[in-house]
file upload.cif (mmCIF, C-alpha atoms)
data_coords
#
loop_
_atom_site.label_atom_id
_atom_site.label_comp_id
_atom_site.auth_asym_id
_atom_site.auth_seq_id
_atom_site.Cartn_x
_atom_site.Cartn_y
_atom_site.Cartn_z
CA MET A 476 0.00 0.00 0.00
CA GLN A 477 2.95 2.30 0.67
CA VAL A 478 3.93 2.10 -3.01
CA VAL A 479 0.41 3.00 -4.12
CA LEU A 480 0.21 5.96 -1.76
CA SER A 481 3.63 7.20 -2.86
CA ILE A 482 2.26 7.33 -6.42
CA THR A 483 -1.30 8.54 -5.90
CA ILE A 484 -1.01 11.01 -3.00
CA PRO A 485 1.34 13.44 -4.81
CA PHE A 486 -0.64 12.90 -8.00
CA PHE A 487 -4.04 13.80 -6.57
CA ALA A 488 -2.56 16.36 -4.16
CA ILE A 489 -1.75 18.54 -7.17
CA ILE A 490 -5.42 18.37 -8.19
CA PHE A 491 -6.58 19.49 -4.75
CA LEU A 492 -3.89 22.18 -4.73
CA GLY A 493 -5.54 23.63 -7.82
CA SER A 494 -8.92 23.47 -6.08
CA PHE A 495 -7.49 25.22 -3.01
CA PHE A 496 -6.07 28.11 -5.01
CA ARG A 497 -9.37 28.43 -6.88
CA PHE A 498 -11.20 28.45 -3.55
CA ILE A 499 -9.06 31.30 -2.17
CA LYS A 500 -9.58 33.10 -5.50
CA ILE A 501 -5.98 33.29 -6.65
CA PHE A 502 -7.05 31.38 -9.77
CA ASN A 503 -10.39 31.52 -11.56
CA GLU A 504 -12.21 29.79 -14.40
CA GLU A 505 -10.24 31.75 -16.99
CA SER A 506 -7.03 30.52 -15.37
CA SER A 507 -8.22 26.96 -15.84
CA ARG A 508 -8.87 27.53 -19.53
CA ILE A 509 -5.40 29.02 -20.02
CA LEU A 510 -3.63 26.23 -18.14
CA THR A 511 -5.67 23.59 -19.94
CA LYS A 512 -4.66 25.02 -23.31
CA PHE A 513 -1.04 25.22 -22.16
CA ALA A 514 -1.11 21.53 -21.18
CA LEU A 515 -2.99 20.48 -24.32
CA TYR A 516 -0.83 22.30 -26.84
CA ILE A 517 2.56 22.80 -25.17
CA THR A 518 3.44 20.22 -22.49
CA LEU A 519 1.39 17.04 -22.93
CA PRO A 520 2.27 16.38 -26.62
CA PRO A 521 6.07 16.24 -26.00
CA TYR A 522 5.47 14.25 -22.79
CA ILE A 523 3.52 11.59 -24.69
CA PHE A 524 5.81 11.66 -27.72
CA LEU A 525 9.01 11.19 -25.70
CA ASN A 526 7.60 8.36 -23.58
CA ILE A 527 6.50 6.51 -26.71
CA ILE A 528 9.85 6.76 -28.49
CA LYS A 529 11.71 5.74 -25.30
CA SER A 530 9.63 2.58 -24.86
CA SER A 531 10.26 -0.83 -26.37
CA ASN A 532 9.05 -1.28 -29.95
CA ASN A 533 8.95 -5.07 -29.83
CA LYS A 534 5.18 -5.10 -30.10
CA LEU A 535 3.48 -1.87 -31.03
CA ILE A 536 0.00 -2.90 -32.14
CA ASN A 537 -1.86 -5.77 -30.51
CA TRP A 538 -5.19 -6.13 -32.29
CA GLU A 539 -6.60 -8.56 -29.74
CA PHE A 540 -5.93 -5.99 -27.03
CA ILE A 541 -7.56 -3.16 -29.00
CA ILE A 542 -10.59 -5.22 -30.03
CA ARG A 543 -11.27 -6.43 -26.50
CA PHE A 544 -11.08 -2.94 -25.08
CA GLU A 545 -13.29 -1.46 -27.80
CA ILE A 546 -15.91 -4.21 -27.35
CA ILE A 547 -16.48 -2.94 -23.81
CA THR A 548 -16.37 0.69 -24.96
CA ILE A 549 -19.04 0.11 -27.61
CA LEU A 550 -21.14 -2.02 -25.23
CA ILE A 551 -21.21 0.77 -22.63
CA LEU A 552 -21.82 3.46 -25.24
CA PHE A 553 -24.85 1.83 -26.87
CA SER A 554 -26.29 0.49 -23.60
CA CYS A 555 -26.23 3.97 -22.08
CA TYR A 556 -27.56 5.55 -25.26
CA PHE A 557 -30.64 3.32 -25.43
CA PHE A 558 -31.18 3.44 -21.66
CA SER A 559 -31.21 7.24 -21.64
CA LYS A 560 -33.29 7.33 -24.82
CA PHE A 561 -36.09 5.10 -23.56
CA ASN A 562 -35.87 5.36 -19.75
CA LEU A 563 -34.76 8.94 -19.25
CA LYS A 564 -36.62 10.15 -22.38
CA TYR A 565 -33.62 12.10 -23.67
CA ASN A 566 -33.36 13.36 -27.22
CA ASN A 567 -30.59 12.14 -29.54
CA GLU A 568 -28.05 14.76 -28.49
CA ASN A 569 -28.55 14.32 -24.75
CA SER A 570 -28.54 10.52 -25.08
CA SER A 571 -25.32 10.51 -27.07
CA LEU A 572 -23.62 12.83 -24.56
CA PHE A 573 -24.89 10.82 -21.60
CA SER A 574 -23.34 7.71 -23.13
CA LEU A 575 -20.08 9.55 -23.93
CA ASN A 576 -19.82 10.67 -20.29
CA ALA A 577 -20.17 7.07 -19.19
CA ALA A 578 -17.75 5.56 -21.71
CA TYR A 579 -14.88 8.05 -22.08
CA PRO A 580 -12.26 8.23 -19.27
CA ASN A 581 -9.78 11.06 -18.84
CA TYR A 582 -6.89 9.47 -20.74
CA GLY A 583 -5.04 12.62 -21.74
CA TYR A 584 -4.76 14.66 -18.55
CA LEU A 585 -4.90 11.82 -15.99
CA GLY A 586 -4.48 8.44 -17.67
CA ILE A 587 -1.19 8.89 -19.49
CA PRO A 588 0.72 10.52 -16.59
CA LEU A 589 -0.71 8.08 -14.02
CA CYS A 590 -0.05 4.93 -16.07
CA ILE A 591 3.52 5.97 -16.90
CA LEU A 592 4.18 6.94 -13.28
CA SER A 593 2.72 3.65 -12.02
CA PHE A 594 4.01 1.15 -14.58
CA GLY A 595 6.92 2.88 -16.32
CA GLU A 596 7.46 4.33 -19.78
CA ASN A 597 6.52 1.04 -21.50
CA ALA A 598 2.94 1.72 -20.41
CA SER A 599 2.91 4.62 -22.88
CA ILE A 600 2.32 2.19 -25.77
CA PRO A 601 -0.93 0.55 -24.53
CA ILE A 602 -2.37 3.77 -23.07
CA SER A 603 -1.61 5.61 -26.32
CA LEU A 604 -3.27 2.87 -28.37
CA ILE A 605 -6.32 3.04 -26.12
CA LEU A 606 -6.42 6.83 -26.36
CA LEU A 607 -6.19 6.77 -30.15
CA SER A 608 -8.66 3.94 -30.82
CA ASP A 609 -11.15 5.00 -28.15
CA SER A 610 -11.20 8.62 -29.31
CA ILE A 611 -11.87 7.63 -32.91
CA VAL A 612 -14.57 5.09 -31.99
CA LEU A 613 -16.32 7.18 -29.34
CA PHE A 614 -16.37 10.55 -31.06
CA THR A 615 -17.33 9.06 -34.42
CA ILE A 616 -20.25 7.06 -33.00
CA THR A 617 -21.35 9.87 -30.69
CA SER A 618 -21.39 12.38 -33.56
CA TYR A 619 -23.50 9.98 -35.62
CA LEU A 620 -25.95 9.19 -32.80
CA ALA A 621 -26.40 12.87 -31.93
CA GLN A 622 -27.61 13.60 -35.46
CA ILE A 623 -29.07 10.27 -36.51
CA ASN A 624 -32.34 11.87 -37.64
CA ASP A 625 -30.88 15.12 -38.93
CA PHE A 626 -29.14 14.54 -42.23
CA LYS A 627 -28.87 18.30 -42.82
CA ASN A 628 -26.29 18.39 -40.04
CA PHE A 629 -24.12 15.67 -41.55
CA ARG A 630 -21.54 18.42 -42.05
CA ASN A 631 -21.24 18.67 -38.24
CA PHE A 632 -20.40 14.97 -38.14
CA LEU A 633 -17.57 15.52 -40.62
CA ILE A 634 -16.36 18.54 -38.65
CA ASN A 635 -16.21 16.49 -35.44
CA PHE A 636 -14.38 13.67 -37.20
CA TYR A 637 -11.88 16.19 -38.57
CA LYS A 638 -11.39 17.70 -35.10
CA ILE A 639 -10.40 14.30 -33.73
CA PHE A 640 -7.24 14.38 -35.80
CA LYS A 641 -6.51 18.02 -34.94
CA ASN A 642 -6.16 17.11 -31.27
CA PRO A 643 -2.49 17.72 -30.31
CA ILE A 644 -2.48 14.74 -27.94
CA LEU A 645 -3.64 12.33 -30.65
CA LEU A 646 -1.20 13.85 -33.13
CA SER A 647 1.65 13.31 -30.66
CA VAL A 648 0.61 9.65 -30.33
CA ILE A 649 0.62 9.16 -34.10
CA LEU A 650 3.96 10.97 -34.47
CA GLY A 651 5.48 8.98 -31.62
CA PHE A 652 4.51 5.66 -33.22
CA PHE A 653 5.86 6.90 -36.56
CA PHE A 654 9.27 7.71 -35.04
CA LEU A 655 9.32 4.45 -33.04
CA ILE A 656 8.41 2.21 -35.98
CA LEU A 657 10.96 3.82 -38.29
CA ASP A 658 13.55 4.01 -35.48
CA ILE A 659 14.18 7.71 -36.13
CA ASN A 660 16.68 9.39 -33.83
CA ILE A 661 16.02 12.90 -32.56
CA ASN A 662 18.62 15.64 -32.46
CA ILE A 663 19.92 16.03 -28.89
CA GLN A 664 19.03 19.73 -28.72
CA ILE A 665 15.46 19.00 -29.81
CA PHE A 666 15.26 16.08 -27.39
CA ASN A 667 16.39 18.26 -24.47
CA PHE A 668 13.98 21.02 -25.48
CA LEU A 669 11.05 18.58 -25.54
CA SER A 670 12.21 17.02 -22.26
CA ILE A 671 12.11 20.39 -20.49
CA LEU A 672 8.56 20.98 -21.75
CA SER A 673 7.42 17.46 -20.87
CA VAL A 674 8.45 17.83 -17.22
CA ALA A 675 5.71 20.44 -16.81
CA ALA A 676 2.99 18.25 -18.35
CA PRO A 677 1.64 16.25 -15.37
CA PRO A 678 1.54 19.11 -12.80
CA THR A 679 0.08 21.60 -15.28
CA ALA A 680 -2.68 19.23 -16.41
CA LEU A 681 -3.53 18.12 -12.87
CA PHE A 682 -3.52 21.65 -11.45
CA ALA A 683 -5.85 22.80 -14.24
CA ILE A 684 -8.26 19.96 -13.43
CA GLY A 685 -8.25 20.99 -9.77
CA ILE A 686 -9.23 24.57 -10.58
CA THR A 687 -12.39 23.34 -12.33
CA LEU A 688 -13.62 21.29 -9.36
CA VAL A 689 -14.79 24.19 -7.18
CA SER A 690 -18.49 24.31 -8.01
CA LYS A 691 -21.80 22.96 -6.75
CA ILE A 692 -23.66 19.96 -8.14
CA ASN A 693 -27.04 20.85 -9.63
CA ARG A 694 -29.58 18.73 -7.75
CA ASN A 695 -31.90 18.72 -10.75
CA TYR A 696 -29.46 16.43 -12.53
CA ILE A 697 -28.40 14.23 -9.63
CA TYR A 698 -29.90 10.99 -11.04
CA PRO A 699 -28.04 10.95 -14.39
CA ILE A 700 -24.87 12.17 -12.66
CA ILE A 701 -24.99 9.27 -10.19
CA LEU A 702 -25.61 6.80 -13.03
CA ILE A 703 -22.64 8.17 -14.98
CA THR A 704 -20.45 8.01 -11.86
CA ILE A 705 -21.32 4.37 -11.16
CA ILE A 706 -20.69 3.33 -14.75
CA ARG A 707 -17.53 5.42 -15.11
CA LEU A 708 -15.77 4.41 -11.88
CA PHE A 709 -17.11 0.93 -11.17
CA ILE A 710 -18.83 -0.83 -14.07
CA HIS A 711 -16.33 0.08 -16.80
CA PRO A 712 -13.20 -1.20 -14.98
CA THR A 713 -15.09 -4.31 -13.87
CA LEU A 714 -16.05 -5.16 -17.45
CA ILE A 715 -12.50 -4.51 -18.66
CA PHE A 716 -11.22 -6.80 -15.90
CA LEU A 717 -13.63 -9.54 -16.96
CA ILE A 718 -12.93 -9.41 -20.69
CA PHE A 719 -9.16 -9.51 -20.19
CA LEU A 720 -8.71 -11.76 -17.16
CA VAL A 721 -11.69 -14.11 -17.16
CA LEU A 722 -11.88 -14.84 -20.89
CA PRO A 723 -8.75 -16.65 -22.13
CA GLY A 724 -6.52 -14.74 -24.52
CA ASN A 725 -3.14 -14.95 -26.15
CA ASN A 726 -0.15 -12.64 -26.39
CA ILE A 727 -1.44 -9.75 -24.30
CA PRO A 728 1.25 -8.65 -21.81
CA ASN A 729 0.19 -8.23 -18.19
CA LEU A 730 1.45 -4.66 -18.29
CA TRP A 731 -1.01 -3.86 -21.07
CA ILE A 732 -3.91 -5.46 -19.20
CA SER A 733 -3.06 -3.54 -16.02
CA THR A 734 -2.89 -0.32 -18.02
CA ALA A 735 -6.31 -1.02 -19.56
CA ILE A 736 -7.91 -1.69 -16.18
CA LEU A 737 -6.35 1.35 -14.52
CA CYS A 738 -7.26 3.82 -17.26
CA SER A 739 -10.83 2.48 -17.42
CA SER A 740 -11.27 3.44 -13.75
CA LEU A 741 -10.56 7.12 -14.39
CA PRO A 742 -13.11 9.98 -14.22
CA VAL A 743 -15.00 11.53 -17.12
CA ALA A 744 -12.72 13.19 -19.68
CA SER A 745 -12.73 16.96 -20.06
CA ASN A 746 -13.06 16.44 -23.83
CA VAL A 747 -16.65 15.38 -23.22
CA PHE A 748 -17.48 18.90 -22.05
CA ALA A 749 -16.06 20.27 -25.30
CA MET A 750 -18.38 17.96 -27.22
CA ALA A 751 -21.33 19.05 -25.05
CA GLY A 752 -20.44 22.65 -25.84
CA PHE A 753 -20.36 21.88 -29.55
CA TYR A 754 -23.98 20.65 -29.42
CA ASN A 755 -24.96 23.08 -26.64
CA SER A 756 -26.58 20.15 -24.82
CA PHE A 757 -26.04 18.28 -21.54
CA LEU A 758 -23.60 20.97 -20.36
CA ASN A 759 -24.50 21.11 -16.65
CA GLN A 760 -24.73 17.34 -16.34
CA THR A 761 -21.36 16.90 -18.01
CA SER A 762 -19.52 19.50 -15.92
CA ASN A 763 -21.03 18.04 -12.73
CA SER A 764 -20.13 14.50 -13.81
CA ILE A 765 -16.53 15.51 -14.46
CA MET A 766 -16.33 17.14 -11.04
CA LEU A 767 -17.94 14.30 -9.06
CA THR A 768 -16.08 11.46 -10.79
CA THR A 769 -12.76 13.29 -10.44
CA ILE A 770 -13.27 13.83 -6.70
CA LEU A 771 -14.38 10.24 -6.08
CA SER A 772 -11.57 8.84 -8.23
CA THR A 773 -9.08 10.14 -5.68
CA PHE A 774 -10.35 7.27 -3.52
CA THR A 775 -11.34 4.61 -6.08
CA THR A 776 -8.34 4.81 -8.44
CA PRO A 777 -5.75 4.12 -5.69
CA ILE A 778 -7.76 1.02 -4.74
CA VAL A 779 -7.65 -0.21 -8.34
CA LEU A 780 -3.91 0.52 -8.52
CA TYR A 781 -3.32 -1.30 -5.22
CA PHE A 782 -5.08 -4.37 -6.61
CA LEU A 783 -3.03 -4.28 -9.80
CA LEU A 784 0.32 -3.84 -8.06
CA ASN A 785 -0.27 -6.36 -5.28
CA HIS A 786 -2.67 -9.00 -6.59
CA TYR A 787 -1.96 -9.03 -10.29
CA SER A 788 1.56 -9.77 -11.46
CA LEU A 789 3.05 -7.33 -13.95
#
call {"tool": "encode", "arguments": {"input": "upload.cif", "output": "structure tokens"}}
result
Amino acid sequence: MQVVLSITIPFFAIIFLGSFFRFIKIFNEESSRILTKFALYITLPPYIFLNIIKSSNNKLINWEFIIRFEIITILILFSCYFFSKFNLKYNNENSSLFSLNAAYPNYGYLGIPLCILSFGENASIPISLILLSDSIVLFTITSYLAQINDFKNFRNFLINFYKIFKNPILLSVILGFFFLILDININIQIFNFLSILSVAAPPTALFAIGITLVSKINRNYIYPIILITIIRLFIHPTLIFLIFLVLPGNNIPNLWISTAILCSSLPVASNVFAMAGFYNSFLNQTSNSIMLTTILSTFTTPIVLYFLLNHYSL
């Protein structure tokens, strides 16, 4: 447990430090937006890129691993979509965003730093594959479901699909795999420059998340928020655990399985709020879900990590 606490306490302490400085009004919502952009465009891309090219390239793409993970992703996405459509009586946009909240963990700002810190730089390969495949699958399907009866807005679907590949984090993943596959060496000055930037990635991203957490939950939306929280923090990692560890499989390293389980236990991704803003729907529910799942994950994620480090051999 000491090992887990040595990893998670400093990690989540930075989040609460951001919340504290927001609470005493040194930082505000605008500060969060600036820091988030700084992390997204300046520090996280080199952090991801360098960890990918420093990892082993013995096995870059494991299709069995990707397919298993995406089976659970798609299962959660469609189950939540139809549940919210018929039980909560949501329209297409709200249903698609409800399902995206439930299915999309915070890979970029939390998952990549936490997995690399917990399991080493070789974890950058599986978490990057998950980030890339999950983003394409989730945002493509969500964009389609949100406009399934509105063919005039098909252009919005194409815009969203295009935006997926404009994301600096995803571009850094693709570029990292390109350099790793072709075994391209980086100039030492460029490497050192990127290394200096990458050091700032985890604290900047985590501090920015903390600033956003100082707000009240709207009681009018408590039911869908609780449902999203249960699915996001408990059901998703349980299903990932079952599909990887209960069903027999071949040639999937334990490190990759541990990475999949850990990242599936993370809170709702901040990218979901950007999608809600694009459709101008489900905004309050999404912001509240991000806040609640992030706060609760400070307790649930260390438990998952403890299980992986102590009861599941890497």
call {"tool": "closest_residue", "arguments": {"input": "upload.cif", "among": "A:Ser481, A:Thr615, A:Ser603, A:Thr773", "to": "Leu645 of chain A", "atoms": "all atoms listed in the file"}}
result
A:Ser603
call {"tool": "closest_residue", "arguments": {"input": "upload.cif", "among": "A:Phe524, A:Phe486, A:Phe719, A:Phe491", "to": "Ile546 of chain A", "atoms": "all atoms listed in the file"}}
result
A:Phe719
call {"tool": "resolve_selection", "arguments": {"input": "upload.cif", "expression": "the PyMOL selection byres ((chain A and resi 704) around 9)", "output": "PDB file with C-alpha atoms, in the coordinates of the input"}}
result
ATOM      1  CA  ASN A 576     -19.820  10.670 -20.290  1.00  0.00           C
ATOM      2  CA  ALA A 577     -20.170   7.070 -19.190  1.00  0.00           C
ATOM      3  CA  PRO A 699     -28.040  10.950 -14.390  1.00  0.00           C
ATOM      4  CA  ILE A 700     -24.870  12.170 -12.660  1.00  0.00           C
ATOM      5  CA  ILE A 701     -24.990   9.270 -10.190  1.00  0.00           C
ATOM      6  CA  LEU A 702     -25.610   6.800 -13.030  1.00  0.00           C
ATOM      7  CA  ILE A 703     -22.640   8.170 -14.980  1.00  0.00           C
ATOM      8  CA  ILE A 705     -21.320   4.370 -11.160  1.00  0.00           C
ATOM      9  CA  ILE A 706     -20.690   3.330 -14.750  1.00  0.00           C
ATOM     10  CA  ARG A 707     -17.530   5.420 -15.110  1.00  0.00           C
ATOM     11  CA  LEU A 708     -15.770   4.410 -11.880  1.00  0.00           C
ATOM     12  CA  PHE A 709     -17.110   0.930 -11.170  1.00  0.00           C
ATOM     13  CA  PRO A 742     -13.110   9.980 -14.220  1.00  0.00           C
ATOM     14  CA  VAL A 743     -15.000  11.530 -17.120  1.00  0.00           C
ATOM     15  CA  SER A 764     -20.130  14.500 -13.810  1.00  0.00           C
ATOM     16  CA  ILE A 765     -16.530  15.510 -14.460  1.00  0.00           C
ATOM     17  CA  LEU A 767     -17.940  14.300  -9.060  1.00  0.00           C
ATOM     18  CA  THR A 768     -16.080  11.460 -10.790  1.00  0.00           C
ATOM     19  CA  LEU A 771     -14.380  10.240  -6.080  1.00  0.00           C
TER      20      LEU A 771
END
call {"tool": "atom_distance", "arguments": {"input": "upload.cif", "atom1": "atom CA of Ile718 of chain A", "atom2": "atom CA of Ile587 of chain A"}}
result
21.8 Å
call {"tool": "resolve_selection", "arguments": {"input": "upload.cif", "expression": "the PyMOL selection byres ((chain A and resi 503) around 12)", "output": "list of chain:residue names"}}
result
A:Gly493, A:Ser494, A:Phe495, A:Phe496, A:Arg497, A:Phe498, A:Ile499, A:Lys500, A:Ile501, A:Phe502, A:Glu504, A:Glu505, A:Ser506, A:Ser507, A:Arg508, A:Ile509, A:Leu510, A:Ala683, A:Ile684, A:Gly685, A:Ile686, A:Thr687, A:Leu688, A:Val689, A:Ser690
call {"tool": "closest_residue", "arguments": {"input": "upload.cif", "among": "A:Phe561, A:Ser599, A:Met766, A:Ile736", "to": "Gly651 of chain A", "atoms": "all atoms listed in the file"}}
result
A:Ser599
call {"tool": "resolve_selection", "arguments": {"input": "upload.cif", "expression": "the PyMOL selection byres ((chain A and resi 602) around 9)", "output": "short mmCIF file (atom, residue, chain, number, x, y, z; two decimals) with C-alpha atoms, keeping the file's coordinate frame"}}
result
data_model
loop_
_atom_site.label_atom_id
_atom_site.label_comp_id
_atom_site.auth_asym_id
_atom_site.auth_seq_id
_atom_site.Cartn_x
_atom_site.Cartn_y
_atom_site.Cartn_z
CA TYR A 582 -6.89 9.47 -20.74
CA GLY A 586 -4.48 8.44 -17.67
CA ILE A 587 -1.19 8.89 -19.49
CA CYS A 590 -0.05 4.93 -16.07
CA ILE A 591 3.52 5.97 -16.90
CA ALA A 598 2.94 1.72 -20.41
CA SER A 599 2.91 4.62 -22.88
CA ILE A 600 2.32 2.19 -25.77
CA PRO A 601 -0.93 0.55 -24.53
CA SER A 603 -1.61 5.61 -26.32
CA LEU A 604 -3.27 2.87 -28.37
CA ILE A 605 -6.32 3.04 -26.12
CA LEU A 606 -6.42 6.83 -26.36
CA LEU A 607 -6.19 6.77 -30.15
CA TRP A 731 -1.01 -3.86 -21.07
CA THR A 734 -2.89 -0.32 -18.02
CA ALA A 735 -6.31 -1.02 -19.56
CA CYS A 738 -7.26 3.82 -17.26
#
call {"tool": "closest_residue", "arguments": {"input": "upload.cif", "among": "A:Leu552, A:Ile770, A:Leu519, A:Ile528", "to": "Ala488 of chain A", "atoms": "only C-alpha atoms"}}
result
A:Ile770
call {"tool": "closest_residue", "arguments": {"input": "upload.cif", "among": "A:Asn726, A:Thr679, A:Ser571, A:Ser647", "to": "Leu492 of chain A", "atoms": "only C-alpha atoms"}}
result
A:Thr679
call {"tool": "closest_residue", "arguments": {"input": "upload.cif", "among": "A:Phe653, A:Tyr619, A:Tyr781, A:Phe716", "to": "Ile732 of chain A", "atoms": "only C-alpha atoms"}}
result
A:Phe716
call {"tool": "atom_distance", "arguments": {"input": "upload.cif", "atom1": "atom CA of Ala514 of chain A", "atom2": "atom CA of Tyr584 of chain A"}}
result
8.2 Å
call {"tool": "residues_around", "arguments": {"input": "upload.cif", "residues": "Thr617 of chain A", "least_positions_apart": "4", "cutoff": "8 Å", "atoms": "all atoms listed in the file", "output": "PyMOL selection string"}}
result
chain A and resi 571-572+575+613+621
call {"tool": "residues_around", "arguments": {"input": "upload.cif", "residues": "Ile727 of chain A", "least_positions_apart": "3", "cutoff": "12 Å", "atoms": "all atoms listed in the file", "output": "list in words"}}
result
Lys534, Leu535, Ile536, Asn537, Trp538, Glu539, Phe540, Ile541, Ile542, Arg543, Phe544, Pro601, Phe719, Leu720, Pro723, Gly724, Leu730, Trp731, Ile732, Ser733, Thr734, Ala735 and Leu789 of chain A
call {"tool": "atom_distance", "arguments": {"input": "upload.cif", "atom1": "atom CA of Val479 of chain A", "atom2": "atom CA of Asn763 of chain A"}}
result
27.6 Å
call {"tool": "axis_aligned_box", "arguments": {"input": "upload.cif", "around": "segment 549-556 of chain A", "padding_each_side": "3 Å", "output": "AutoDock Vina command-line options"}}
result
--center_x -23.3 --center_y 1.8 --center_z -24.8 --size_x 14.5 --size_y 13.6 --size_z 11.5
call {"tool": "residues_around", "arguments": {"input": "upload.cif", "residues": "Ser530 of chain A", "least_positions_apart": "3", "cutoff": "6 Å", "atoms": "all atoms listed in the file", "output": "PyMOL selection string"}}
result
chain A and resi 527+596-597
call {"tool": "residues_around", "arguments": {"input": "upload.cif", "residues": "Ile671 of chain A", "least_positions_apart": "6", "cutoff": "12 Å", "atoms": "all atoms listed in the file", "output": "number ranges by chain"}}
result
A: 517-519, 521-522, 525, 664-665
call {"tool": "decode", "arguments": {"input": "upload.cif", "residues": "segment 545-607 of chain A", "atoms": "C-alpha atoms", "output": "mmCIF file, in the first residue's frame"}}
result
data_model
loop_
_atom_site.group_PDB
_atom_site.id
_atom_site.type_symbol
_atom_site.label_atom_id
_atom_site.label_comp_id
_atom_site.auth_asym_id
_atom_site.auth_seq_id
_atom_site.Cartn_x
_atom_site.Cartn_y
_atom_site.Cartn_z
ATOM 1 C CA GLU A 545 -13.293 -1.464 -27.796
ATOM 2 C CA ILE A 546 -15.906 -4.211 -27.352
ATOM 3 C CA ILE A 547 -16.477 -2.937 -23.814
ATOM 4 C CA THR A 548 -16.369 0.687 -24.958
ATOM 5 C CA ILE A 549 -19.040 0.114 -27.607
ATOM 6 C CA LEU A 550 -21.135 -2.017 -25.227
ATOM 7 C CA ILE A 551 -21.209 0.773 -22.629
ATOM 8 C CA LEU A 552 -21.818 3.460 -25.239
ATOM 9 C CA PHE A 553 -24.845 1.828 -26.869
ATOM 10 C CA SER A 554 -26.295 0.491 -23.599
ATOM 11 C CA CYS A 555 -26.226 3.967 -22.082
ATOM 12 C CA TYR A 556 -27.559 5.548 -25.260
ATOM 13 C CA PHE A 557 -30.638 3.319 -25.432
ATOM 14 C CA PHE A 558 -31.184 3.439 -21.662
ATOM 15 C CA SER A 559 -31.213 7.237 -21.641
ATOM 16 C CA LYS A 560 -33.287 7.333 -24.815
ATOM 17 C CA PHE A 561 -36.086 5.096 -23.556
ATOM 18 C CA ASN A 562 -35.868 5.356 -19.751
ATOM 19 C CA LEU A 563 -34.756 8.944 -19.252
ATOM 20 C CA LYS A 564 -36.616 10.148 -22.376
ATOM 21 C CA TYR A 565 -33.620 12.096 -23.666
ATOM 22 C CA ASN A 566 -33.359 13.356 -27.222
ATOM 23 C CA ASN A 567 -30.593 12.141 -29.537
ATOM 24 C CA GLU A 568 -28.046 14.756 -28.493
ATOM 25 C CA ASN A 569 -28.545 14.316 -24.749
ATOM 26 C CA SER A 570 -28.540 10.524 -25.077
ATOM 27 C CA SER A 571 -25.317 10.509 -27.069
ATOM 28 C CA LEU A 572 -23.624 12.831 -24.564
ATOM 29 C CA PHE A 573 -24.890 10.822 -21.596
ATOM 30 C CA SER A 574 -23.337 7.705 -23.132
ATOM 31 C CA LEU A 575 -20.085 9.549 -23.929
ATOM 32 C CA ASN A 576 -19.820 10.667 -20.288
ATOM 33 C CA ALA A 577 -20.171 7.068 -19.187
ATOM 34 C CA ALA A 578 -17.748 5.560 -21.711
ATOM 35 C CA TYR A 579 -14.880 8.048 -22.077
ATOM 36 C CA PRO A 580 -12.258 8.226 -19.274
ATOM 37 C CA ASN A 581 -9.781 11.056 -18.839
ATOM 38 C CA TYR A 582 -6.894 9.475 -20.744
ATOM 39 C CA GLY A 583 -5.041 12.624 -21.742
ATOM 40 C CA TYR A 584 -4.755 14.662 -18.547
ATOM 41 C CA LEU A 585 -4.898 11.823 -15.991
ATOM 42 C CA GLY A 586 -4.478 8.443 -17.675
ATOM 43 C CA ILE A 587 -1.185 8.887 -19.490
ATOM 44 C CA PRO A 588 0.716 10.516 -16.593
ATOM 45 C CA LEU A 589 -0.708 8.078 -14.018
ATOM 46 C CA CYS A 590 -0.046 4.928 -16.073
ATOM 47 C CA ILE A 591 3.523 5.973 -16.895
ATOM 48 C CA LEU A 592 4.182 6.942 -13.280
ATOM 49 C CA SER A 593 2.725 3.647 -12.016
ATOM 50 C CA PHE A 594 4.014 1.148 -14.576
ATOM 51 C CA GLY A 595 6.923 2.881 -16.315
ATOM 52 C CA GLU A 596 7.463 4.333 -19.776
ATOM 53 C CA ASN A 597 6.521 1.037 -21.501
ATOM 54 C CA ALA A 598 2.936 1.722 -20.409
ATOM 55 C CA SER A 599 2.913 4.616 -22.877
ATOM 56 C CA ILE A 600 2.317 2.192 -25.766
ATOM 57 C CA PRO A 601 -0.931 0.550 -24.531
ATOM 58 C CA ILE A 602 -2.368 3.767 -23.073
ATOM 59 C CA SER A 603 -1.608 5.611 -26.316
ATOM 60 C CA LEU A 604 -3.269 2.867 -28.372
ATOM 61 C CA ILE A 605 -6.322 3.039 -26.117
ATOM 62 C CA LEU A 606 -6.421 6.828 -26.357
ATOM 63 C CA LEU A 607 -6.195 6.767 -30.150
#
